[in-house]
$ cat structure-v1.tsv   # TSV, C-alpha atoms and all ligand atoms
chain	number	residue	atom	x	y	z
A	772	MET	CA	-15.45	10.09	-74.82
A	773	SER	CA	-11.68	10.24	-75.22
A	774	ASP	CA	-11.95	12.37	-72.15
A	775	LEU	CA	-13.22	9.51	-70.00
A	776	SER	CA	-10.98	6.90	-71.56
A	777	SER	CA	-7.89	8.89	-70.59
A	778	TYR	CA	-8.87	8.42	-66.93
A	779	GLU	CA	-8.52	4.67	-67.10
A	780	ALA	CA	-4.79	4.93	-67.80
A	781	LYS	CA	-4.35	7.66	-65.20
A	782	ILE	CA	-6.04	5.54	-62.55
A	783	ARG	CA	-3.94	2.51	-63.32
A	784	ALA	CA	-0.80	4.64	-63.10
A	785	ALA	CA	-1.73	6.54	-59.92
A	786	ALA	CA	1.32	6.67	-57.66
A	787	SER	CA	-0.42	7.00	-54.30
A	788	PRO	CA	-3.81	6.57	-52.59
A	789	ALA	CA	-4.03	10.39	-52.39
A	790	GLU	CA	-3.60	10.70	-56.15
A	791	LEU	CA	-6.31	8.10	-56.57
A	792	ASP	CA	-8.69	10.15	-54.41
A	793	VAL	CA	-8.18	13.16	-56.66
A	794	LEU	CA	-8.84	11.11	-59.80
A	795	GLU	CA	-11.97	9.64	-58.30
A	796	LEU	CA	-13.33	13.14	-57.71
A	797	ASP	CA	-12.34	14.21	-61.24
A	798	VAL	CA	-14.59	11.48	-62.62
A	799	PHE	CA	-17.34	10.95	-60.06
A	800	SER	CA	-17.72	14.22	-58.11
A	801	ARG	CA	-21.41	15.17	-57.95
A	802	LYS	CA	-20.60	18.71	-58.99
A	803	HIS	CA	-17.77	18.63	-61.46
A	804	GLY	CA	-17.00	14.98	-62.17
A	805	ALA	CA	-16.45	14.31	-65.88
A	806	LEU	CA	-18.87	11.38	-65.87
A	807	THR	CA	-21.49	13.31	-63.87
A	808	LEU	CA	-21.36	16.16	-66.35
A	809	ALA	CA	-21.54	13.83	-69.36
A	810	LEU	CA	-24.62	12.13	-67.88
A	811	LYS	CA	-26.26	15.52	-67.44
A	812	ASP	CA	-25.54	16.34	-71.07
A	813	LEU	CA	-27.54	13.25	-72.15
A	814	ALA	CA	-30.77	15.16	-71.62
A	815	THR	CA	-29.87	17.66	-74.30
A	816	LEU	CA	-29.24	15.03	-76.99
A	817	PRO	CA	-31.78	13.91	-79.59
A	818	ALA	CA	-33.48	10.63	-78.66
A	819	ALA	CA	-31.57	8.53	-81.22
A	820	GLU	CA	-28.16	9.53	-79.87
A	821	LYS	CA	-29.31	9.36	-76.24
A	822	VAL	CA	-29.49	5.55	-76.14
A	823	LYS	CA	-26.10	5.01	-77.73
A	824	LYS	CA	-24.38	7.61	-75.62
A	825	GLY	CA	-26.08	6.30	-72.51
A	826	GLN	CA	-24.70	2.81	-73.07
A	827	GLU	CA	-21.26	4.21	-73.69
A	828	LEU	CA	-21.28	6.20	-70.45
A	829	ASN	CA	-22.45	3.16	-68.48
A	830	HIS	CA	-19.58	1.17	-69.94
A	831	TRP	CA	-17.07	3.78	-68.73
A	832	LYS	CA	-18.71	3.98	-65.35
A	833	THR	CA	-18.07	0.26	-64.85
A	834	VAL	CA	-14.56	0.33	-66.28
A	835	LEU	CA	-13.44	3.30	-64.18
A	836	THR	CA	-15.07	2.01	-60.96
A	837	ASP	CA	-13.31	-1.33	-61.44
A	838	ALA	CA	-10.01	0.40	-62.18
A	839	LEU	CA	-10.29	2.45	-58.98
A	840	THR	CA	-11.11	-0.59	-56.86
A	841	GLU	CA	-8.28	-2.57	-58.29
A	842	ARG	CA	-5.71	0.17	-57.89
A	843	ARG	CA	-6.82	0.72	-54.25
A	844	ARG	CA	-6.41	-2.95	-53.59
A	845	THR	CA	-2.79	-2.87	-54.74
A	846	PHE	CA	-2.02	0.04	-52.45
A	847	THR	CA	-3.60	-1.73	-49.47
A	848	ALA	CA	-1.74	-4.94	-50.24
A	849	GLN	CA	1.51	-3.01	-50.47
A	850	SER	CA	1.09	-1.29	-47.12
A	851	VAL	CA	0.05	-4.46	-45.31
A	852	GLY	CA	2.99	-6.22	-46.93
A	853	THR	CA	5.51	-3.69	-45.65
A	854	LEU	CA	3.82	-3.48	-42.26
A	855	ALA	CA	4.47	-7.15	-41.75
A	856	SER	CA	8.15	-6.82	-42.59
A	857	GLU	CA	9.00	-3.34	-41.33
A	858	ASP	CA	6.92	-2.97	-38.21
A	859	LYS	CA	7.06	-6.41	-36.74
A	860	LEU	CA	5.64	-7.00	-33.28
A	861	ASP	CA	7.09	-10.08	-31.70
A	862	VAL	CA	4.74	-10.96	-28.88
A	863	THR	CA	6.89	-13.89	-27.85
A	864	LEU	CA	9.91	-11.71	-27.12
A	865	GLU	CA	11.00	-11.93	-23.47
A	866	LEU	CA	11.69	-8.52	-21.94
A	867	PRO	CA	13.91	-7.97	-18.92
A	868	PRO	CA	11.68	-7.76	-15.81
A	869	ARG	CA	10.84	-4.22	-14.73
A	870	PRO	CA	12.11	-3.37	-11.27
A	871	ARG	CA	9.16	-2.99	-8.91
A	872	GLY	CA	9.14	-1.36	-5.51
A	873	HIS	CA	7.38	-2.73	-2.46
A	874	LEU	CA	6.58	-1.63	1.06
A	875	HIS	CA	9.32	-1.58	3.64
A	876	LEU	CA	9.03	-4.46	6.12
A	877	ILE	CA	7.84	-2.18	8.92
A	878	PRO	CA	4.82	-0.50	7.31
A	879	GLU	CA	3.97	-3.83	5.73
A	880	PHE	CA	3.89	-5.49	9.15
A	881	ILE	CA	1.87	-2.62	10.63
A	882	ARG	CA	-0.74	-3.07	7.91
A	883	GLN	CA	-0.96	-6.74	8.80
A	884	VAL	CA	-1.38	-5.83	12.48
A	885	ASP	CA	-4.30	-3.56	11.59
A	886	ASP	CA	-5.80	-6.26	9.47
A	887	VAL	CA	-5.52	-9.06	12.04
A	888	PHE	CA	-6.89	-6.97	14.91
A	889	ALA	CA	-9.64	-5.46	12.76
A	890	ARG	CA	-10.89	-9.00	12.19
A	891	MET	CA	-11.07	-9.40	15.98
A	892	GLY	CA	-13.20	-6.28	16.27
A	893	PHE	CA	-10.48	-3.79	17.24
A	894	GLN	CA	-10.78	-0.23	16.03
A	895	PHE	CA	-7.71	1.65	14.82
A	896	VAL	CA	-6.91	4.90	16.68
A	897	ASP	CA	-3.96	7.28	16.49
A	898	GLY	CA	-1.90	9.58	18.71
A	899	PRO	CA	0.98	12.07	18.41
A	900	GLU	CA	4.71	11.33	18.62
A	901	VAL	CA	5.29	14.42	20.74
A	902	GLU	CA	3.42	13.52	23.90
A	903	SER	CA	2.76	15.27	27.19
A	904	GLU	CA	4.32	14.01	30.39
A	905	LYS	CA	0.76	13.54	31.66
A	906	TYR	CA	-0.21	11.05	28.94
A	907	ASN	CA	3.19	9.43	28.54
A	908	PHE	CA	3.78	8.90	32.29
A	909	ASN	CA	1.44	10.39	34.90
A	910	ASP	CA	-1.94	8.99	33.90
A	911	LEU	CA	-0.30	5.63	33.22
A	912	ASN	CA	0.43	5.38	36.92
A	913	ILE	CA	4.18	5.78	36.39
A	914	PRO	CA	5.53	7.27	39.61
A	915	GLU	CA	7.15	10.70	39.72
A	916	HIS	CA	10.66	9.34	40.21
A	917	HIS	CA	10.42	6.27	38.01
A	918	PRO	CA	13.75	5.69	36.19
A	919	ALA	CA	11.96	5.65	32.79
A	920	ARG	CA	11.37	9.38	33.17
A	921	ASP	CA	15.07	9.94	33.57
A	922	SER	CA	16.74	12.11	30.95
A	923	GLN	CA	19.13	9.19	30.48
A	924	ASP	CA	16.28	7.24	28.90
A	925	THR	CA	13.80	9.81	27.67
A	926	PHE	CA	14.13	12.55	25.07
A	927	TRP	CA	12.65	15.57	26.84
A	928	LEU	CA	11.79	18.44	24.56
A	929	MET	CA	13.28	21.87	24.99
A	930	GLY	CA	10.92	24.42	26.48
A	931	ASN	CA	9.87	22.34	29.50
A	932	GLU	CA	12.10	24.37	31.82
A	933	GLY	CA	10.13	26.06	34.56
A	934	GLU	CA	6.86	24.36	33.51
A	935	THR	CA	5.34	22.30	36.30
A	936	ASP	CA	2.03	21.21	34.70
A	937	PRO	CA	2.63	17.68	33.31
A	938	ALA	CA	0.03	18.38	30.60
A	939	LYS	CA	2.38	21.10	29.30
A	940	ARG	CA	5.72	19.33	29.56
A	941	PHE	CA	6.59	17.33	26.46
A	942	VAL	CA	8.64	14.28	25.48
A	943	LEU	CA	9.17	12.24	22.35
A	944	ARG	CA	6.85	9.44	23.40
A	945	THR	CA	8.79	6.57	24.98
A	946	HIS	CA	5.98	4.15	24.18
A	947	THR	CA	2.59	4.17	22.48
A	948	SER	CA	0.76	3.62	25.79
A	949	GLY	CA	-0.23	7.29	26.02
A	950	VAL	CA	-2.72	6.67	23.22
A	951	GLN	CA	-4.78	4.42	25.53
A	952	ILE	CA	-5.13	7.33	27.98
A	953	ARG	CA	-6.11	9.73	25.20
A	954	TYR	CA	-8.78	7.35	23.97
A	955	ALA	CA	-10.06	5.95	27.27
A	956	SER	CA	-10.46	9.39	28.81
A	957	THR	CA	-12.64	10.56	25.93
A	958	HIS	CA	-14.70	7.43	25.15
A	959	LYS	CA	-17.09	5.29	27.12
A	960	PRO	CA	-16.44	1.55	27.44
A	961	PRO	CA	-16.85	-1.06	26.14
A	962	PHE	CA	-14.20	-0.63	23.44
A	963	ARG	CA	-11.36	-2.43	21.69
A	964	ILE	CA	-8.63	-0.29	20.19
A	965	ILE	CA	-5.37	-0.86	18.33
A	966	TYR	CA	-2.75	1.81	17.73
A	967	HIS	CA	0.86	1.96	16.61
A	968	GLY	CA	3.67	4.24	15.58
A	969	LYS	CA	7.17	5.50	16.23
A	970	THR	CA	8.57	5.62	19.75
A	971	TYR	CA	11.86	7.03	21.06
A	972	ARG	CA	14.37	6.05	23.73
A	973	LYS	CA	18.03	6.74	24.31
A	974	ASP	CA	19.10	3.22	23.36
A	975	SER	CA	21.29	1.90	20.61
A	976	ASP	CA	22.64	-1.62	20.14
A	977	ALA	CA	21.83	-4.72	18.10
A	978	THR	CA	18.36	-5.09	19.59
A	979	HIS	CA	17.61	-1.43	20.41
A	980	SER	CA	17.50	1.70	18.30
A	981	PRO	CA	16.71	5.27	19.48
A	982	MET	CA	13.63	5.22	17.27
A	983	PHE	CA	11.58	2.07	17.00
A	984	HIS	CA	7.98	1.09	16.43
A	985	GLN	CA	5.36	-0.30	18.73
A	986	PHE	CA	1.87	-1.57	18.30
A	987	GLU	CA	-0.43	-1.60	21.19
A	988	GLY	CA	-3.98	-2.46	22.05
A	989	MET	CA	-6.54	-2.13	24.77
A	990	MET	CA	-9.85	-3.81	25.43
A	991	VAL	CA	-12.21	-2.66	28.16
A	992	GLY	CA	-15.53	-4.29	29.01
A	993	LYS	CA	-17.61	-5.69	31.85
A	994	ASP	CA	-15.88	-9.06	32.08
A	995	VAL	CA	-12.74	-8.88	29.96
A	996	SER	CA	-10.22	-11.31	31.46
A	997	LEU	CA	-6.60	-12.39	31.37
A	998	ALA	CA	-7.75	-15.45	29.43
A	999	ASN	CA	-9.16	-13.14	26.75
A	1000	LEU	CA	-5.83	-11.32	26.63
A	1001	LYS	CA	-3.88	-14.50	26.08
A	1002	ALA	CA	-6.30	-15.76	23.45
A	1003	VAL	CA	-6.14	-12.48	21.52
A	1004	LEU	CA	-2.35	-12.25	21.65
A	1005	VAL	CA	-1.68	-15.86	20.75
A	1006	THR	CA	-4.12	-15.73	17.83
A	1007	ALA	CA	-2.65	-12.48	16.57
A	1008	MET	CA	0.99	-13.51	16.90
A	1009	ARG	CA	0.45	-16.83	15.18
A	1010	GLU	CA	-1.17	-15.01	12.34
A	1011	LEU	CA	1.51	-12.33	12.16
A	1012	ILE	CA	4.64	-14.36	12.62
A	1013	GLY	CA	3.81	-17.97	11.86
A	1014	ARG	CA	1.81	-20.93	13.08
A	1015	ASP	CA	4.76	-22.72	14.64
A	1016	VAL	CA	6.27	-19.88	16.64
A	1017	GLU	CA	6.88	-20.77	20.28
A	1018	PHE	CA	6.11	-18.23	22.97
A	1019	ARG	CA	5.83	-18.01	26.71
A	1020	PHE	CA	4.33	-15.62	29.25
A	1021	ARG	CA	6.28	-14.50	32.31
A	1022	THR	CA	5.17	-12.23	35.09
A	1023	GLY	CA	6.45	-8.73	34.49
A	1024	PHE	CA	6.04	-5.35	36.06
A	1025	PHE	CA	4.55	-2.31	34.36
A	1026	PRO	CA	2.99	0.38	36.54
A	1027	PHE	CA	-0.10	0.56	34.30
A	1028	VAL	CA	-1.14	-3.10	34.58
A	1029	GLU	CA	-1.85	-5.47	37.45
A	1030	PRO	CA	-1.09	-8.30	37.09
A	1031	GLY	CA	1.54	-7.64	34.43
A	1032	LEU	CA	3.04	-10.14	32.00
A	1033	GLU	CA	5.78	-10.26	29.45
A	1034	MET	CA	5.50	-12.29	26.28
A	1035	ASP	CA	8.64	-13.92	24.88
A	1036	MET	CA	9.18	-15.62	21.58
A	1037	MET	CA	11.72	-18.27	20.67
A	1038	TRP	CA	14.42	-17.26	18.23
A	1039	GLN	CA	13.90	-19.37	15.10
A	1040	GLY	CA	16.55	-21.28	13.20
A	1041	ASP	CA	19.99	-22.60	14.24
A	1042	GLU	CA	18.44	-25.92	15.28
A	1043	SER	CA	21.74	-27.32	16.51
A	1044	GLU	CA	22.32	-24.56	19.03
A	1045	SER	CA	21.06	-24.53	22.57
A	1046	ARG	CA	17.65	-23.01	23.11
A	1047	GLU	CA	18.81	-21.44	26.34
A	1048	GLY	CA	18.91	-17.68	26.20
A	1049	LYS	CA	17.08	-17.66	22.90
A	1050	TRP	CA	13.86	-16.27	24.26
A	1051	LEU	CA	13.39	-12.75	22.94
A	1052	GLU	CA	11.11	-10.35	24.74
A	1053	MET	CA	8.29	-9.11	22.53
A	1054	GLY	CA	6.50	-6.78	24.86
A	1055	GLY	CA	4.33	-6.39	27.87
A	1056	CYS	CA	0.70	-6.85	28.70
A	1057	GLY	CA	-1.66	-7.29	31.58
A	1058	MET	CA	-4.91	-6.23	33.18
A	1059	VAL	CA	-5.32	-2.47	33.14
A	1060	HIS	CA	-4.43	-1.04	36.56
A	1061	PRO	CA	-7.47	0.39	38.44
A	1062	ASN	CA	-5.60	3.68	38.84
A	1063	VAL	CA	-5.31	4.01	35.06
A	1064	LEU	CA	-9.04	3.44	34.62
A	1065	LYS	CA	-9.73	6.03	37.35
A	1066	ASN	CA	-7.38	8.52	35.66
A	1067	CYS	CA	-9.48	8.12	32.53
A	1068	GLY	CA	-12.75	8.62	34.40
A	1069	ILE	CA	-13.75	4.95	34.14
A	1070	ASP	CA	-15.07	3.22	37.26
A	1071	PRO	CA	-12.78	0.21	37.98
A	1072	ASP	CA	-15.55	-1.46	40.03
A	1073	GLU	CA	-17.73	-1.57	36.96
A	1074	TRP	CA	-15.21	-2.04	34.12
A	1075	GLN	CA	-12.04	-4.00	33.58
A	1076	GLY	CA	-9.76	-4.58	30.67
A	1077	PHE	CA	-6.43	-5.65	29.28
A	1078	ALA	CA	-3.70	-3.81	27.43
A	1079	PHE	CA	-0.60	-4.92	25.57
A	1080	GLY	CA	2.31	-3.20	23.89
A	1081	PHE	CA	4.79	-4.82	21.51
A	1082	GLY	CA	7.75	-3.81	19.45
A	1083	VAL	CA	7.34	-4.13	15.70
A	1084	GLU	CA	10.99	-4.76	14.93
A	1085	ARG	CA	11.44	-7.69	17.32
A	1086	PRO	CA	8.81	-9.99	15.83
A	1087	LEU	CA	10.15	-9.15	12.38
A	1088	MET	CA	13.66	-10.08	13.50
A	1089	ILE	CA	12.32	-13.44	14.56
A	1090	LYS	CA	10.20	-13.97	11.50
A	1091	HIS	CA	13.01	-13.18	9.05
A	1092	GLN	CA	15.97	-14.12	11.25
A	1093	ILE	CA	17.49	-10.66	11.15
A	1094	PRO	CA	20.29	-10.51	13.75
A	1095	ASP	CA	20.69	-6.71	13.95
A	1096	LEU	CA	17.69	-4.44	14.36
A	1097	ARG	CA	19.56	-1.46	12.96
A	1098	SER	CA	19.49	-3.07	9.48
A	1099	PHE	CA	15.89	-1.86	9.20
A	1100	TYR	CA	17.04	1.74	9.10
A	1101	HIS	CA	20.20	1.75	7.04
A	1102	GLY	CA	18.25	1.98	3.81
A	1103	ASP	CA	20.55	-0.56	2.17
A	1104	LEU	CA	18.67	-1.83	-0.87
A	1105	ARG	CA	20.51	-5.14	-0.78
A	1106	PHE	CA	18.89	-5.75	2.61
A	1107	LEU	CA	15.46	-4.39	1.70
A	1108	ARG	CA	15.16	-6.27	-1.59
A	1109	GLN	CA	15.37	-9.62	0.15
A	1110	PHE	CA	11.83	-9.34	1.44
B	1	LIG	N1	4.65	0.44	27.27
B	1	LIG	C1	5.41	-0.76	27.58
B	1	LIG	C2	6.79	-0.61	27.00
B	1	LIG	O1	7.02	0.20	26.19
B	1	LIG	C3	4.75	-1.96	26.95
B	1	LIG	C4	3.44	-2.28	27.55
B	1	LIG	C5	3.35	-3.14	28.64
B	1	LIG	C6	2.28	-1.72	27.05
B	1	LIG	C7	2.16	-3.46	29.19
B	1	LIG	C8	1.05	-2.04	27.59
B	1	LIG	C9	1.03	-2.91	28.66
B	1	LIG	O2	-0.08	-1.55	27.13
B	1	LIG	O3	-0.17	-3.23	29.19
B	1	LIG	O4	7.67	-1.37	27.40
$ encode --input "structure-v1.tsv" --output "structure tokens" --more "lines below"
Ligand code: DAH
Amino acid sequence: MSDLSSYEAKIRAAASPAELDVLELDVFSRKHGALTLALKDLATLPAAEKVKKGQELNHWKTVLTDALTERRRTFTAQSVGTLASEDKLDVTLELPPRPRGHLHLIPEFIRQVDDVFARMGFQFVDGPEVESEKYNFNDLNIPEHHPARDSQDTFWLMGNEGETDPAKRFVLRTHTSGVQIRYASTHKPPFRIIYHGKTYRKDSDATHSPMFHQFEGMMVGKDVSLANLKAVLVTAMRELIGRDVEFRFRTGFFPFVEPGLEMDMMWQGDESESREGKWLEMGGCGMVHPNVLKNCGIDPDEWQGFAFGFGVERPLMIKHQIPDLRSFYHGDLRFLRQF
């Protein structure tokens, strides 16, 4: 039995949990544990010795089990104790805020446009930035010698030389209006569509840039009216720019609408200054010209509709009081982070 008694001291002196595991096996392993073997030996003893020896082995079983449990407990207590002091997690610690990116003002606004018009039943459609002369000008009823077609205003692509078919002569689109032709000539009314994207003109000053964005819409039906147009635009603009924005409609001329209107918005802020000259043009709109409907294969005696086209940058300038449109494109983070 000296054999088993020596384990008690070893267990109490074990230096690590791993050492304790080995000792546990030495005593209790089903195959070679010292206690297991001793219990097996019991069977070979004469009856008189069996009882005495049995009691003795039971005593050691209890003593060694207790010793193991106790030693384990000290190891656990030690590790928890050091965990608390060495690996502290202070959940109240304030960390510096992580820099987070966000959408640029322009795509953010365009998403809002989609959202507002989708709620009014408009379907989003798309068109290319390189557009044919036919879709950008001809089918929109823009006359052959209209100044907008001039190379002073329009970026004509190379490769148009000698080509006379307007469907095969290309420009960087000067407006998004070509998309209405693309859609209307391939779909039957009634429909409501909204489209947007980059447009290009040879302009550059505080309120013009050679590349800018437009959003545009068209609604064609049996009895779509100018009143519907105004209601749609006023609702959308209030939602996009703000409830208290002031706007006005003026007559305007665009070859693809009749009658044509222009929508202006009042420059916000600077209360003390005169309001004169502070109307900023947002874009054009009107009732789709019968020639445009005809060009799209739609009978103007049966169908009528409105269209509108707005800049994206202008309303944003008003909303955020940005004096120079070119700030949108400089990529200056100090500007972009303000929004
Ligand atoms: N395309 C015109 C422009 O760029 C804007 C415009 C005016 C679009 C009237 C329309 C419209 O759809 O009906 O200045």
$ atom_distance --input "structure-v1.tsv" --atom1 "CA of Arg972 (chain A)" --atom2 "atom C4 of ligand LIG 1 (chain B)"
14.3 Å
$ residues_near_ligand --input "structure-v1.tsv" --ligand "ligand LIG 1 (chain B)" --cutoff "6 Å" --atoms "only C-alpha atoms and all ligand atoms" --output "ChimeraX atom specification"
/A:946,948,987,1025,1028,1054-1057,1078-1080
$ atom_distance --input "structure-v1.tsv" --atom1 "CA of Gly1076 (chain A)" --atom2 "CA of Phe893 (chain A)"
13.5 Å
$ closest_residue --input "structure-v1.tsv" --among "A:Phe1027, A:Val862, A:Cys1067, A:Met1036" --to "Arg1009 (chain A)" --atoms "all atoms listed in the file"
A:Met1036
$ closest_residue --input "structure-v1.tsv" --among "A:Leu876, A:Leu796, A:Val884, A:Met1008" --to "Ser1098 (chain A)" --atoms "all atoms listed in the file"
A:Leu876
$ residues_around --input "structure-v1.tsv" --residues "region 989-995 of chain A" --least-positions-apart "6" --cutoff "10 Å" --atoms "all atoms listed in the file" --output "number ranges by chain"
A: 893-894, 948, 950-951, 954-955, 959-966, 1056-1059, 1064, 1069, 1071-1080
$ residues_around --input "structure-v1.tsv" --residues "Leu813 (chain A)" --least-positions-apart "4" --cutoff "8 Å" --atoms "only C-alpha atoms" --output "VMD selection string"
chain A and resid 809 821 824 to 825
$ closest_residue --input "structure-v1.tsv" --among "A:Leu1000, A:Ile881, A:Val798, A:Met1034" --to "Lys781 (chain A)" --atoms "all atoms listed in the file"
A:Val798
$ residues_near_point --input "structure-v1.tsv" --point "(-4.1, 8.0, 31.6)" --cutoff "7 Å" --atoms "all atoms listed in the file" --output "VMD selection string"
chain A and resid 906 909 to 911 949 952 to 953 1063 1066 to 1067
$ atom_distance --input "structure-v1.tsv" --atom1 "CA of Asn999 (chain A)" --atom2 "CA of Arg1014 (chain A)"
19.2 Å
$ closest_residue --input "structure-v1.tsv" --among "A:Arg783, A:His1101, A:Lys859, A:Arg882" --to "Arg844 (chain A)" --atoms "all atoms listed in the file"
A:Arg783
$ axis_aligned_box --input "structure-v1.tsv" --around "region 909-920 of chain A" --padding-each-side "6 Å" --output "lines of an AutoDock Vina configuration file"
center_x = 5.9
center_y = 8.0
center_z = 36.5
size_x = 27.7
size_y = 17.3
size_z = 19.4
$ closest_residue --input "structure-v1.tsv" --among "A:Tyr1100, A:Tyr971, A:Trp1050, A:Phe1106" --to "Gln985 (chain A)" --atoms "only C-alpha atoms"
A:Tyr971
$ closest_residue --input "structure-v1.tsv" --among "A:Ala786, A:Ala855, A:Asp886, A:His875" --to "Arg842 (chain A)" --atoms "all atoms listed in the file"
A:Ala786
$ residues_around --input "structure-v1.tsv" --residues "Gly872 (chain A)" --least-positions-apart "2" --cutoff "9 Å" --atoms "only C-alpha atoms" --output "number ranges by chain"
A: 870, 874, 1108
$ residues_around --input "structure-v1.tsv" --residues "Phe1020 (chain A)" --least-positions-apart "4" --cutoff "7 Å" --atoms "all atoms listed in the file" --output "number ranges by chain"
A: 1032-1035
$ decode --input "structure-v1.tsv" --residues "region 882-902 of chain A" --atoms "N, CA and C atoms" --output "tab-separated table (two decimals), in the first residue's frame"
chain	number	residue	atom	x	y	z
A	882	ARG	N	-29.83	58.36	-55.58
A	882	ARG	CA	-30.59	57.28	-54.92
A	882	ARG	C	-31.91	57.80	-54.36
A	883	GLN	N	-31.83	59.03	-53.81
A	883	GLN	CA	-33.07	59.61	-53.27
A	883	GLN	C	-34.07	59.88	-54.39
A	884	VAL	N	-33.55	60.34	-55.54
A	884	VAL	CA	-34.43	60.60	-56.69
A	884	VAL	C	-35.16	59.31	-57.06
A	885	ASP	N	-34.40	58.22	-57.19
A	885	ASP	CA	-35.00	56.93	-57.53
A	885	ASP	C	-36.09	56.56	-56.53
A	886	ASP	N	-35.76	56.79	-55.28
A	886	ASP	CA	-36.67	56.39	-54.22
A	886	ASP	C	-37.98	57.19	-54.26
A	887	VAL	N	-37.83	58.52	-54.40
A	887	VAL	CA	-39.01	59.39	-54.40
A	887	VAL	C	-39.91	59.09	-55.60
A	888	PHE	N	-39.30	58.94	-56.79
A	888	PHE	CA	-40.11	58.69	-57.98
A	888	PHE	C	-40.67	57.26	-58.00
A	889	ALA	N	-39.93	56.33	-57.42
A	889	ALA	CA	-40.44	54.95	-57.36
A	889	ALA	C	-41.74	54.94	-56.56
A	890	ARG	N	-41.79	55.76	-55.50
A	890	ARG	CA	-43.01	55.81	-54.69
A	890	ARG	C	-44.17	56.41	-55.46
A	891	MET	N	-43.85	57.18	-56.54
A	891	MET	CA	-44.93	57.74	-57.36
A	891	MET	C	-45.18	56.87	-58.58
A	892	GLY	N	-44.66	55.67	-58.56
A	892	GLY	CA	-44.96	54.70	-59.63
A	892	GLY	C	-44.06	54.78	-60.85
A	893	PHE	N	-42.95	55.52	-60.74
A	893	PHE	CA	-42.04	55.62	-61.89
A	893	PHE	C	-41.06	54.44	-61.88
A	894	GLN	N	-40.76	53.99	-63.10
A	894	GLN	CA	-39.85	52.85	-63.24
A	894	GLN	C	-38.49	53.37	-63.68
A	895	PHE	N	-37.43	52.86	-63.08
A	895	PHE	CA	-36.09	53.29	-63.43
A	895	PHE	C	-35.62	52.64	-64.73
A	896	VAL	N	-35.14	53.47	-65.67
A	896	VAL	CA	-34.55	52.92	-66.91
A	896	VAL	C	-33.18	53.59	-67.13
A	897	ASP	N	-32.41	53.04	-68.05
A	897	ASP	CA	-31.03	53.50	-68.20
A	897	ASP	C	-30.69	53.70	-69.68
A	898	GLY	N	-29.64	54.47	-69.95
A	898	GLY	CA	-29.20	54.68	-71.33
A	898	GLY	C	-27.72	54.99	-71.35
A	899	PRO	N	-27.09	54.93	-72.52
A	899	PRO	CA	-25.63	55.09	-72.61
A	899	PRO	C	-25.17	56.55	-72.61
A	900	GLU	N	-23.92	56.77	-72.20
A	900	GLU	CA	-23.36	58.13	-72.20
A	900	GLU	C	-22.89	58.53	-73.60
A	901	VAL	N	-22.48	57.54	-74.39
A	901	VAL	CA	-22.17	57.83	-75.79
A	901	VAL	C	-23.47	57.58	-76.56
A	902	GLU	N	-24.01	58.67	-77.12
A	902	GLU	CA	-25.35	58.59	-77.70
A	902	GLU	C	-25.30	58.96	-79.18
